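What's in protein.txt: compact mmCIF, C-alpha atoms
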```
# COMPACT_ATOMS: atom_id res chain seq x y z
CA MET A 67 0.00 0.00 0.00
CA LYS A 68 2.79 2.45 0.89
CA LYS A 69 4.49 1.75 -2.43
CA PHE A 70 1.21 2.31 -4.30
CA LEU A 71 0.62 5.65 -2.55
CA TYR A 72 4.19 6.78 -3.19
CA THR A 73 3.88 5.85 -6.87
CA LYS A 74 0.55 7.67 -7.20
CA LEU A 75 1.85 10.85 -5.59
CA HIS A 76 5.04 10.72 -7.66
CA GLN A 77 2.96 10.44 -10.83
CA LEU A 78 0.97 13.51 -9.83
CA SER A 79 4.14 15.42 -8.97
CA ILE A 80 5.36 15.16 -12.57
CA LYS A 81 2.05 15.29 -14.41
CA ASN A 82 1.05 18.41 -16.37
CA PRO A 83 -1.58 19.67 -16.40
CA LEU A 84 -3.27 18.49 -13.24
CA ARG A 85 -7.07 18.45 -13.32
CA ILE A 86 -8.11 19.72 -9.90
CA VAL A 87 -11.32 20.74 -8.19
CA GLY A 88 -10.94 23.75 -5.89
CA LEU A 89 -13.51 24.23 -3.12
CA MET A 90 -14.07 27.39 -1.13
CA SER A 91 -16.66 28.27 1.49
CA GLY A 92 -15.64 31.62 2.87
CA THR A 93 -16.28 33.88 5.81
CA SER A 94 -19.50 35.10 4.19
CA MET A 95 -20.92 31.65 5.04
CA ASP A 96 -23.28 31.82 2.07
CA GLY A 97 -22.35 28.76 0.05
CA LEU A 98 -19.78 26.51 -1.60
CA ASP A 99 -17.78 27.66 -4.62
CA ILE A 100 -16.67 24.81 -6.88
CA CYS A 101 -14.09 25.29 -9.62
CA LEU A 102 -12.74 22.62 -11.96
CA ALA A 103 -9.50 23.68 -13.59
CA ASP A 104 -6.51 22.34 -15.42
CA VAL A 105 -3.43 23.64 -13.61
CA ASP A 106 -0.12 23.51 -15.45
CA TYR A 107 3.26 24.14 -13.85
CA SER A 108 5.95 24.25 -16.52
CA PRO A 109 8.38 27.03 -15.60
CA GLN A 110 11.26 27.95 -17.87
CA ASP A 111 13.15 28.90 -14.74
CA PRO A 112 13.07 26.09 -12.11
CA LEU A 113 13.25 28.74 -9.37
CA ASP A 114 10.06 30.42 -10.55
CA LYS A 115 7.37 29.02 -8.28
CA HIS A 116 4.61 31.24 -9.70
CA SER A 117 4.53 29.89 -13.25
CA PHE A 118 1.12 28.28 -12.92
CA GLN A 119 -1.11 28.43 -15.98
CA THR A 120 -4.78 27.71 -15.40
CA ARG A 121 -7.73 26.87 -17.58
CA VAL A 122 -11.12 26.89 -15.88
CA LEU A 123 -13.31 24.14 -17.29
CA ASP A 124 -16.46 24.58 -15.22
CA SER A 125 -17.55 26.30 -12.04
CA GLN A 126 -20.59 26.65 -9.85
CA THR A 127 -21.69 28.26 -6.60
CA VAL A 128 -24.04 26.21 -4.43
CA SER A 129 -25.95 28.14 -1.80
CA PHE A 130 -25.99 26.59 1.65
CA HIS A 131 -29.30 25.28 2.91
CA PRO A 132 -30.61 27.50 5.73
CA GLU A 133 -29.99 24.76 8.31
CA ILE A 134 -26.33 24.38 7.24
CA LYS A 135 -25.83 28.13 7.33
CA GLU A 136 -27.34 28.31 10.81
CA SER A 137 -25.13 25.43 12.00
CA ILE A 138 -22.04 27.29 10.76
CA ARG A 139 -23.18 30.49 12.45
CA THR A 140 -23.72 28.59 15.71
CA CYS A 141 -20.18 27.20 15.44
CA LEU A 142 -18.74 30.71 15.72
CA SER A 143 -19.59 30.68 19.41
CA GLY A 144 -21.30 27.34 19.93
CA PRO A 145 -20.49 24.22 21.94
CA THR A 146 -18.01 21.54 20.92
CA GLU A 147 -20.87 19.17 20.05
CA ILE A 148 -22.18 21.54 17.36
CA VAL A 149 -18.68 22.12 15.96
CA CYS A 150 -18.09 18.36 15.75
CA GLU A 151 -21.44 17.67 14.08
CA THR A 152 -21.03 20.51 11.59
CA HIS A 153 -17.48 19.42 10.75
CA TYR A 154 -18.83 16.08 9.51
CA GLN A 155 -22.04 17.56 8.09
CA LEU A 156 -19.99 19.88 5.88
CA GLY A 157 -17.63 17.07 4.88
CA ARG A 158 -20.56 15.02 3.61
CA TYR A 159 -22.07 18.06 1.91
CA TYR A 160 -18.82 18.96 0.12
CA ALA A 161 -18.51 15.38 -1.15
CA GLU A 162 -22.13 15.17 -2.30
CA GLN A 163 -22.08 18.52 -4.08
CA THR A 164 -18.71 17.92 -5.74
CA ALA A 165 -19.78 14.50 -6.99
CA ARG A 166 -23.04 15.99 -8.31
CA PHE A 167 -21.13 18.85 -9.98
CA LEU A 168 -18.72 16.48 -11.75
CA SER A 169 -21.57 14.23 -12.89
CA GLU A 170 -23.62 17.19 -14.09
CA PHE A 171 -20.76 18.44 -16.26
CA GLY A 172 -19.84 14.97 -17.49
CA ILE A 173 -16.43 14.83 -15.81
CA ASP A 174 -15.44 11.27 -14.94
CA LYS A 175 -11.81 11.76 -13.91
CA ILE A 176 -9.92 14.33 -11.85
CA ASP A 177 -6.50 14.23 -10.18
CA ALA A 178 -7.13 15.88 -6.84
CA VAL A 179 -9.23 18.25 -4.74
CA GLY A 180 -8.02 21.39 -2.95
CA MET A 181 -10.39 22.26 -0.10
CA HIS A 182 -10.15 25.33 2.11
CA GLY A 183 -12.92 24.35 4.53
CA GLN A 184 -15.15 26.66 6.55
CA THR A 185 -13.33 29.00 8.92
CA ILE A 186 -15.08 29.18 12.28
CA HIS A 187 -12.27 30.70 14.33
CA HIS A 188 -8.99 32.40 13.55
CA ILE A 189 -6.50 33.88 16.00
CA SER A 190 -3.82 35.53 13.91
CA GLY A 191 -0.49 33.75 14.34
CA GLU A 192 -1.73 31.50 17.13
CA ALA A 193 -4.52 29.16 16.05
CA THR A 194 -7.01 28.58 13.27
CA LEU A 195 -9.85 26.16 12.62
CA GLN A 196 -11.40 25.28 9.26
CA ILE A 197 -14.07 22.57 9.40
CA GLY A 198 -15.36 20.14 6.78
CA GLU A 199 -13.97 16.61 7.14
CA PRO A 200 -11.98 15.82 3.93
CA SER A 201 -12.27 12.03 4.29
CA PHE A 202 -15.70 12.06 2.65
CA LEU A 203 -14.32 13.71 -0.48
CA ALA A 204 -11.42 11.26 -0.65
CA GLU A 205 -13.73 8.28 -0.21
CA THR A 206 -16.42 9.49 -2.62
CA LEU A 207 -14.13 10.64 -5.42
CA GLY A 208 -11.18 8.29 -4.90
CA VAL A 209 -8.58 11.04 -5.31
CA PRO A 210 -6.15 12.84 -2.98
CA VAL A 211 -7.64 15.75 -1.06
CA ILE A 212 -5.43 18.58 0.17
CA SER A 213 -6.89 20.70 2.97
CA ASP A 214 -6.04 22.64 6.15
CA PHE A 215 -3.71 25.00 4.32
CA ARG A 216 -3.24 27.57 7.08
CA ALA A 217 -1.80 25.38 9.83
CA ARG A 218 1.71 24.88 8.43
CA ASP A 219 2.26 28.61 8.03
CA ILE A 220 1.34 29.14 11.69
CA SER A 221 3.75 26.36 12.67
CA VAL A 222 6.65 28.45 11.33
CA GLY A 223 5.57 31.69 12.96
CA GLY A 224 3.17 33.03 10.34
CA THR A 225 -0.28 34.48 10.77
CA GLY A 226 -1.84 31.62 8.78
CA ALA A 227 -3.56 34.01 6.39
CA PRO A 228 -4.02 35.44 3.89
CA LEU A 229 -2.84 32.72 1.53
CA ILE A 230 -4.40 34.18 -1.62
CA PRO A 231 -1.44 36.56 -2.32
CA PHE A 232 0.43 33.54 -3.77
CA VAL A 233 -2.56 32.98 -6.07
CA ASP A 234 -2.84 36.66 -6.96
CA GLN A 235 0.84 36.64 -7.93
CA CYS A 236 0.22 33.67 -10.23
CA LEU A 237 -2.90 35.21 -11.81
CA PHE A 238 -2.40 38.96 -11.89
CA GLN A 239 1.23 40.09 -11.58
CA GLN A 240 2.28 42.29 -14.50
CA GLU A 241 5.58 42.98 -16.19
CA GLU A 242 5.81 46.74 -15.75
CA ASP A 243 2.97 48.00 -13.54
CA SER A 244 2.21 47.72 -9.82
CA ILE A 245 -1.33 46.67 -9.00
CA ILE A 246 -3.41 45.90 -5.95
CA ALA A 247 -5.71 42.88 -5.91
CA ILE A 248 -8.56 43.10 -3.39
CA ASN A 249 -10.59 40.10 -2.33
CA LEU A 250 -13.99 41.12 -0.96
CA GLY A 251 -15.26 38.12 0.93
CA GLY A 252 -16.58 38.18 4.48
CA VAL A 253 -13.19 39.60 5.38
CA ALA A 254 -11.32 41.87 2.98
CA ASN A 255 -7.71 41.17 2.08
CA ILE A 256 -5.34 42.86 -0.32
CA THR A 257 -2.27 41.92 -2.32
CA PHE A 258 0.18 44.55 -3.52
CA LEU A 259 1.95 43.20 -6.60
CA PRO A 260 5.04 45.07 -7.79
CA PRO A 261 6.23 44.54 -11.38
CA ARG A 262 7.32 40.95 -12.00
CA HIS A 263 11.06 41.57 -11.95
CA SER A 264 11.06 44.28 -9.31
CA ASP A 265 13.08 43.98 -6.10
CA SER A 266 10.06 45.22 -4.13
CA PRO A 267 8.24 42.55 -2.11
CA VAL A 268 4.72 41.26 -2.59
CA ILE A 269 2.65 42.61 0.29
CA GLY A 270 -0.59 41.04 1.49
CA PHE A 271 -2.79 41.14 4.57
CA ASP A 272 -6.36 41.30 5.84
CA THR A 273 -7.59 44.89 6.08
CA GLY A 274 -10.72 44.23 8.14
CA PRO A 275 -14.35 43.58 7.22
CA GLY A 276 -15.45 42.78 3.72
CA MET A 277 -19.10 41.80 3.67
CA ALA A 278 -19.08 40.40 7.23
CA LEU A 279 -20.52 43.36 9.12
CA ILE A 280 -23.08 44.10 6.41
CA ASP A 281 -24.16 40.44 6.42
CA GLU A 282 -24.36 40.36 10.22
CA ALA A 283 -26.50 43.51 10.25
CA ARG A 284 -28.82 41.93 7.68
CA HIS A 285 -29.10 38.84 9.86
CA LEU A 286 -29.72 40.76 13.08
CA LEU A 287 -32.39 42.90 11.43
CA GLY A 288 -34.11 40.01 9.67
CA PHE A 289 -33.00 40.79 6.12
CA ASP A 290 -31.55 37.34 5.36
CA GLY A 291 -32.46 36.35 1.83
CA PHE A 292 -32.16 39.90 0.50
CA GLU A 293 -28.39 39.82 -0.14
CA SER A 294 -28.79 41.10 -3.70
CA SER A 295 -30.60 44.22 -2.52
CA PRO A 296 -28.27 47.28 -2.71
CA MET A 297 -29.02 48.41 0.83
CA GLY A 298 -27.37 51.68 1.80
CA LEU A 299 -27.04 52.93 -1.76
CA ASN A 300 -29.38 55.84 -1.01
CA GLY A 301 -28.37 56.27 2.61
CA LYS A 302 -26.23 58.92 4.26
CA PRO A 303 -23.13 57.54 6.04
CA ASN A 304 -22.37 58.73 9.57
CA GLU A 305 -18.86 60.08 9.11
CA GLU A 306 -18.26 60.41 12.86
CA SER A 307 -19.01 56.71 13.41
CA VAL A 308 -16.75 55.69 10.54
CA SER A 309 -13.90 57.81 11.91
CA ASN A 310 -14.28 56.21 15.33
CA TRP A 311 -14.45 52.68 13.92
CA LEU A 312 -11.28 53.25 11.92
CA LYS A 313 -9.49 53.46 15.27
CA ASP A 314 -10.26 49.77 15.80
CA PRO A 315 -7.05 48.02 16.97
CA PHE A 316 -7.09 45.61 14.04
CA ILE A 317 -7.58 48.33 11.43
CA MET A 318 -4.68 50.32 12.89
CA LYS A 319 -2.39 47.30 13.35
CA LYS A 320 0.63 47.00 11.08
CA PRO A 321 0.92 43.92 8.84
CA PRO A 322 1.35 41.02 8.92
CA LYS A 323 -2.19 40.59 10.18
CA SER A 324 -5.20 38.39 9.60
CA THR A 325 -8.67 38.17 11.08
CA GLY A 326 -12.01 36.40 10.75
CA ARG A 327 -15.77 36.46 11.19
CA ASP A 328 -15.31 35.74 14.89
CA TYR A 329 -13.83 39.27 15.24
CA PHE A 330 -15.75 41.28 12.65
CA GLY A 331 -19.13 39.73 13.33
CA GLU A 332 -22.13 40.01 15.60
CA SER A 333 -20.05 40.76 18.70
CA TRP A 334 -18.38 43.71 16.91
CA ILE A 335 -21.77 45.17 16.02
CA GLN A 336 -23.15 44.68 19.53
CA LYS A 337 -20.10 46.43 20.97
CA ASN A 338 -19.78 49.29 18.48
CA ILE A 339 -23.42 49.86 17.46
CA PRO A 340 -25.49 48.80 20.50
CA ASN A 341 -28.47 50.84 19.24
CA TYR A 342 -28.29 49.50 15.65
CA SER A 343 -32.02 48.71 15.57
CA GLN A 344 -32.82 52.39 16.14
CA TRP A 345 -30.85 53.59 13.12
CA ASP A 346 -32.43 54.46 9.82
CA MET A 347 -31.74 51.26 7.87
CA GLU A 348 -30.41 52.92 4.73
CA ASN A 349 -28.08 55.09 6.80
CA LEU A 350 -26.87 52.11 8.84
CA PHE A 351 -25.92 50.09 5.77
CA ALA A 352 -24.39 53.14 4.11
CA THR A 353 -22.25 53.69 7.21
CA LEU A 354 -21.13 50.05 7.41
CA SER A 355 -20.37 50.09 3.69
CA LEU A 356 -18.27 53.23 3.98
CA PHE A 357 -16.38 51.74 6.93
CA THR A 358 -15.66 48.64 4.86
CA ALA A 359 -14.45 50.69 1.88
CA ARG A 360 -12.45 53.19 3.88
CA SER A 361 -10.74 50.55 6.04
CA ILE A 362 -9.45 48.99 2.83
CA VAL A 363 -8.30 52.32 1.42
CA VAL A 364 -6.60 53.42 4.65
CA ASN A 365 -4.63 50.17 4.80
CA CYS A 366 -3.66 50.36 1.13
CA ARG A 367 -2.39 53.91 1.49
CA GLN A 368 -0.56 53.29 4.75
CA TYR A 369 1.03 49.87 4.23
CA THR A 370 1.74 49.55 0.50
CA ASP A 371 3.70 51.55 -2.07
CA PHE A 372 0.36 53.02 -3.10
CA LYS A 373 1.72 55.88 -5.22
CA THR A 374 3.06 53.38 -7.78
CA VAL A 375 -0.25 51.53 -8.26
CA SER A 376 -1.85 51.83 -11.71
CA GLN A 377 -4.85 49.53 -11.27
CA ILE A 378 -6.97 47.86 -8.60
CA ILE A 379 -8.53 44.47 -9.36
CA ILE A 380 -11.43 43.33 -7.15
CA SER A 381 -12.76 39.80 -6.78
CA GLY A 382 -15.01 37.98 -4.33
CA GLY A 383 -18.74 38.13 -3.70
CA GLY A 384 -18.47 41.76 -2.62
CA VAL A 385 -18.12 42.87 -6.25
CA HIS A 386 -21.91 42.47 -6.44
CA ASN A 387 -22.52 44.91 -3.59
CA GLN A 388 -23.24 48.12 -5.47
CA THR A 389 -22.92 50.31 -2.39
CA VAL A 390 -19.45 49.13 -1.38
CA MET A 391 -18.18 49.10 -4.97
CA LYS A 392 -19.41 52.64 -5.59
CA MET A 393 -17.71 53.81 -2.40
CA LEU A 394 -14.45 52.05 -3.27
CA GLN A 395 -14.42 53.68 -6.69
CA LYS A 396 -14.96 57.07 -5.06
CA GLU A 397 -12.31 56.51 -2.37
CA PHE A 398 -9.82 55.28 -5.01
CA SER A 399 -10.81 58.10 -7.36
CA SER A 400 -7.34 58.54 -8.87
CA ILE A 401 -6.89 54.87 -9.82
CA ARG A 402 -8.78 52.59 -12.19
CA VAL A 403 -10.87 50.09 -10.23
CA ILE A 404 -12.10 46.99 -12.09
CA SER A 405 -13.65 43.60 -11.43
CA SER A 406 -11.36 40.62 -12.00
CA ASN A 407 -13.81 39.66 -14.76
CA GLU A 408 -12.09 42.28 -16.91
CA VAL A 409 -8.81 40.37 -16.73
CA GLY A 410 -10.37 36.97 -17.34
CA VAL A 411 -10.95 35.69 -13.79
CA ASP A 412 -14.51 35.17 -12.55
CA PRO A 413 -14.68 37.11 -9.25
CA ASP A 414 -17.08 34.58 -7.76
CA ILE A 415 -14.75 31.60 -8.14
CA LYS A 416 -11.30 33.24 -7.86
CA GLU A 417 -10.68 31.78 -4.39
CA ALA A 418 -11.90 28.31 -5.39
CA LEU A 419 -9.53 28.48 -8.36
CA GLY A 420 -6.90 29.64 -5.89
CA PHE A 421 -7.22 26.48 -3.82
CA ALA A 422 -6.91 24.37 -6.95
CA ILE A 423 -3.60 26.21 -7.53
CA LEU A 424 -2.53 25.71 -3.89
CA ALA A 425 -3.36 22.00 -4.15
CA ALA A 426 -1.21 21.79 -7.29
CA ALA A 427 1.61 23.53 -5.42
CA TYR A 428 1.36 20.89 -2.67
CA LEU A 429 1.51 18.05 -5.18
CA LYS A 430 4.49 19.68 -6.94
CA GLY A 431 6.30 20.23 -3.64
CA ILE A 432 6.26 24.02 -4.00
CA PRO A 433 6.13 26.27 -0.91
CA ALA A 434 3.09 28.51 -1.27
CA ASN A 435 3.16 30.84 1.69
CA ILE A 436 4.90 34.19 1.30
CA PRO A 437 6.94 34.85 4.46
CA PHE A 438 6.91 38.63 3.92
CA VAL A 439 3.10 38.45 3.84
CA THR A 440 2.39 36.20 6.81
CA GLY A 441 5.49 36.86 8.89
CA ALA A 442 6.54 33.21 8.71
CA LYS A 443 10.16 32.34 9.38
CA LYS A 444 10.42 30.46 6.10
CA ALA A 445 8.52 29.32 3.05
CA VAL A 446 6.78 25.97 3.51
CA ILE A 447 4.58 23.56 1.58
CA LEU A 448 0.99 24.20 2.65
CA GLY A 449 -1.76 21.67 3.26
CA LYS A 450 -2.43 18.21 4.60
CA LEU A 451 -3.09 15.14 2.50
CA THR A 452 -6.09 12.82 2.80
CA ILE A 453 -5.97 9.82 0.49
```

Rewrite the structure of this file - the entire thing - as structure tokens.
Amino acid sequence: MKKFLYTKLHQLSIKNPLRIVGLMSGTSMDGLDICLADVDYSPQDPLDKHSFQTRVLDSQTVSFHPEIKESIRTCLSGPTEIVCETHYQLGRYYAEQTARFLSEFGIDKIDAVGMHGQTIHHISGEATLQIGEPSFLAETLGVPVISDFRARDISVGGTGAPLIPFVDQCLFQQEEDSIIAINLGGVANITFLPPRHSDSPVIGFDTGPGMALIDEARHLLGFDGFESSPMGLNGKPNEESVSNWLKDPFIMKKPPKSTGRDYFGESWIQKNIPNYSQWDMENLFATLSLFTARSIVVNCRQYTDFKTVSQIIISGGGVHNQTVMKMLQKEFSSIRVISSNEVGVDPDIKEALGFAILAAAYLKGIPANIPFVTGAKKAVILGKLTI
């Protein structure tokens, strides 16, 4: 058996391209993103670990059933029993939905799965927990599953996140221009990409809330199910509140830094907006949206070489929030702001594609953390194998 496993993994390590399914269920807790891609690693320079070429074959976003979403929400502060049950519930769900997806698109053979799992707690640089038992995927599909990508970075002194800067470098880095890639999930994170052959480092970190606070306010006020509604678009932001919230210790903290829904979630709203139910709803969502946009902008200006940036590329579910996008475009008025769609990457499945790339990096033996980003002592191969 050991010889068979070694042979199988060796075959995958030299195969190009690898056909991999990437799975992502993010801090927005709204559903599972599935991306099937061919990932090719054929660098002309053996030292170039970012020469991944990808071709997306199919993708799909599956909304969580209300009971699954509520179980995940309960896990953020719930008892061990609920965490344990949801860990296996999600594992079964990932396997069922991935098998259905592959059957629906007529795909009978893949090489591996890269699964991020559902983050329910993250303490930057100390501990992290992503749930969704990978054994069900391995058993159902009969292929290696790579998961739990954050843990190894923490083991060498890193913050454990964000890991997407490696992906952004593979997908978006340009020859002559500096750009910033923003991922607007539940939490917002940025990647500053200098020109490809520049001596300047890639910079990446979480800036604070993406859609998390807006989603939590919707939930608290009973607006679940109206995510597509552009709430706050016609509201008037409370500038004084935004200015006070920008003093939040995490917003002001220097990188490397990472955070999660356990920080920018219901407890943050209860602490900072105890009278939220008494606000005018449009004004409340306008204020939360401006805080989200401005916290991103403040971090970009303060902690990157912002004056060199020629373009900002945004991906993640937040690209569909008209209020936040309008505010970002206004706050970044001097720079072109675009969706990743305009450079050929679907913003809704960018992270799922990213975990297909990270799974390929594992199978190729390529370190995929960026020590300057996470603060890790060294570059390491990310992920754990279930086979």

Among the residues A:Arg367, A:Arg327, A:His76, A:His285, the one that comes closest to His187 (chain A) [using only C-alpha atoms]: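 Smallest separation from His187 (chain A) among the options: A:Arg327.
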
Would you please work out which residue, of A:Gly326, A:Pro260, A:Pro413, A:Pro303, is nearest to Val385 (chain A) when using only C-alpha atoms?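 Checking each of A:Gly326, A:Pro260, A:Pro413, A:Pro303 against Val385 (chain A), counting only C-alpha atoms, the winner is A:Pro413.
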
Coordinates of box centre and edge lengths for region 105-117 of chain A, 4 Å on every side, axis-aligned, as AutoDock Vina command-line options:
```
--center_x 4.9 --center_y 27.4 --center_z -13.1 --size_x 24.7 --size_y 15.7 --size_z 17.6
```

Quick one: which region 298-322 of chain A residues come within 10 Å of region 266-274 of chain A, and what is the nearest atom pair for each with the distance in Å to one decimal, counting only C-alpha atoms, rows ordered by chain and ascending number, as a Markdown table?
```
| residue | atom | partner | partner_atom | distance |
| --- | --- | --- | --- | --- |
| A:Leu312 | CA | A:Gly274 | CA | 9.8 |
| A:Asp314 | CA | A:Gly274 | CA | 9.5 |
| A:Phe316 | CA | A:Gly274 | CA | 7.1 |
| A:Ile317 | CA | A:Gly274 | CA | 6.1 |
| A:Met318 | CA | A:Thr273 | CA | 9.2 |
| A:Lys319 | CA | A:Thr273 | CA | 9.3 |
| A:Lys320 | CA | A:Phe271 | CA | 9.4 |
| A:Pro321 | CA | A:Phe271 | CA | 6.3 |
| A:Pro322 | CA | A:Phe271 | CA | 6.0 |
```

Can you tell me how far CA of Ala254 (chain A) sits from CA of Arg218 (chain A), in Å to one decimal? 22.1 Å

Got a sec to write region 362-377 of chain A of the block to a file, N, CA and C atoms, as a compact mmCIF listing (two decimals), in the first residue's frame?
```
# COMPACT_ATOMS: atom_id res chain seq x y z
N ILE A 362 -10.30 49.53 3.89
CA ILE A 362 -9.45 48.99 2.83
C ILE A 362 -8.52 50.06 2.30
N VAL A 363 -9.08 51.22 2.00
CA VAL A 363 -8.30 52.32 1.42
C VAL A 363 -7.22 52.79 2.39
N VAL A 364 -7.57 52.97 3.65
CA VAL A 364 -6.60 53.42 4.65
C VAL A 364 -5.42 52.46 4.73
N ASN A 365 -5.70 51.16 4.73
CA ASN A 365 -4.63 50.17 4.80
C ASN A 365 -3.79 50.16 3.54
N CYS A 366 -4.42 50.32 2.39
CA CYS A 366 -3.66 50.36 1.13
C CYS A 366 -2.70 51.55 1.12
N ARG A 367 -3.20 52.70 1.51
CA ARG A 367 -2.39 53.91 1.49
C ARG A 367 -1.26 53.86 2.51
N GLN A 368 -1.52 53.25 3.66
CA GLN A 368 -0.56 53.29 4.75
C GLN A 368 0.49 52.19 4.66
N TYR A 369 0.14 51.03 4.12
CA TYR A 369 1.03 49.87 4.23
C TYR A 369 1.47 49.28 2.90
N THR A 370 1.21 49.99 1.78
CA THR A 370 1.74 49.55 0.50
C THR A 370 2.39 50.75 -0.20
N ASP A 371 3.11 50.48 -1.27
CA ASP A 371 3.70 51.55 -2.07
C ASP A 371 2.62 52.08 -3.01
N PHE A 372 1.61 52.69 -2.41
CA PHE A 372 0.36 53.02 -3.10
C PHE A 372 0.57 53.96 -4.28
N LYS A 373 1.53 54.87 -4.16
CA LYS A 373 1.72 55.88 -5.22
C LYS A 373 2.15 55.28 -6.55
N THR A 374 2.61 54.01 -6.54
CA THR A 374 3.06 53.38 -7.78
C THR A 374 1.95 52.57 -8.45
N VAL A 375 0.81 52.43 -7.79
CA VAL A 375 -0.25 51.53 -8.26
C VAL A 375 -1.00 52.14 -9.45
N SER A 376 -1.16 51.34 -10.51
CA SER A 376 -1.85 51.83 -11.71
C SER A 376 -3.27 51.27 -11.83
N GLN A 377 -3.56 50.19 -11.10
CA GLN A 377 -4.85 49.53 -11.27
C GLN A 377 -5.19 48.73 -10.02
```
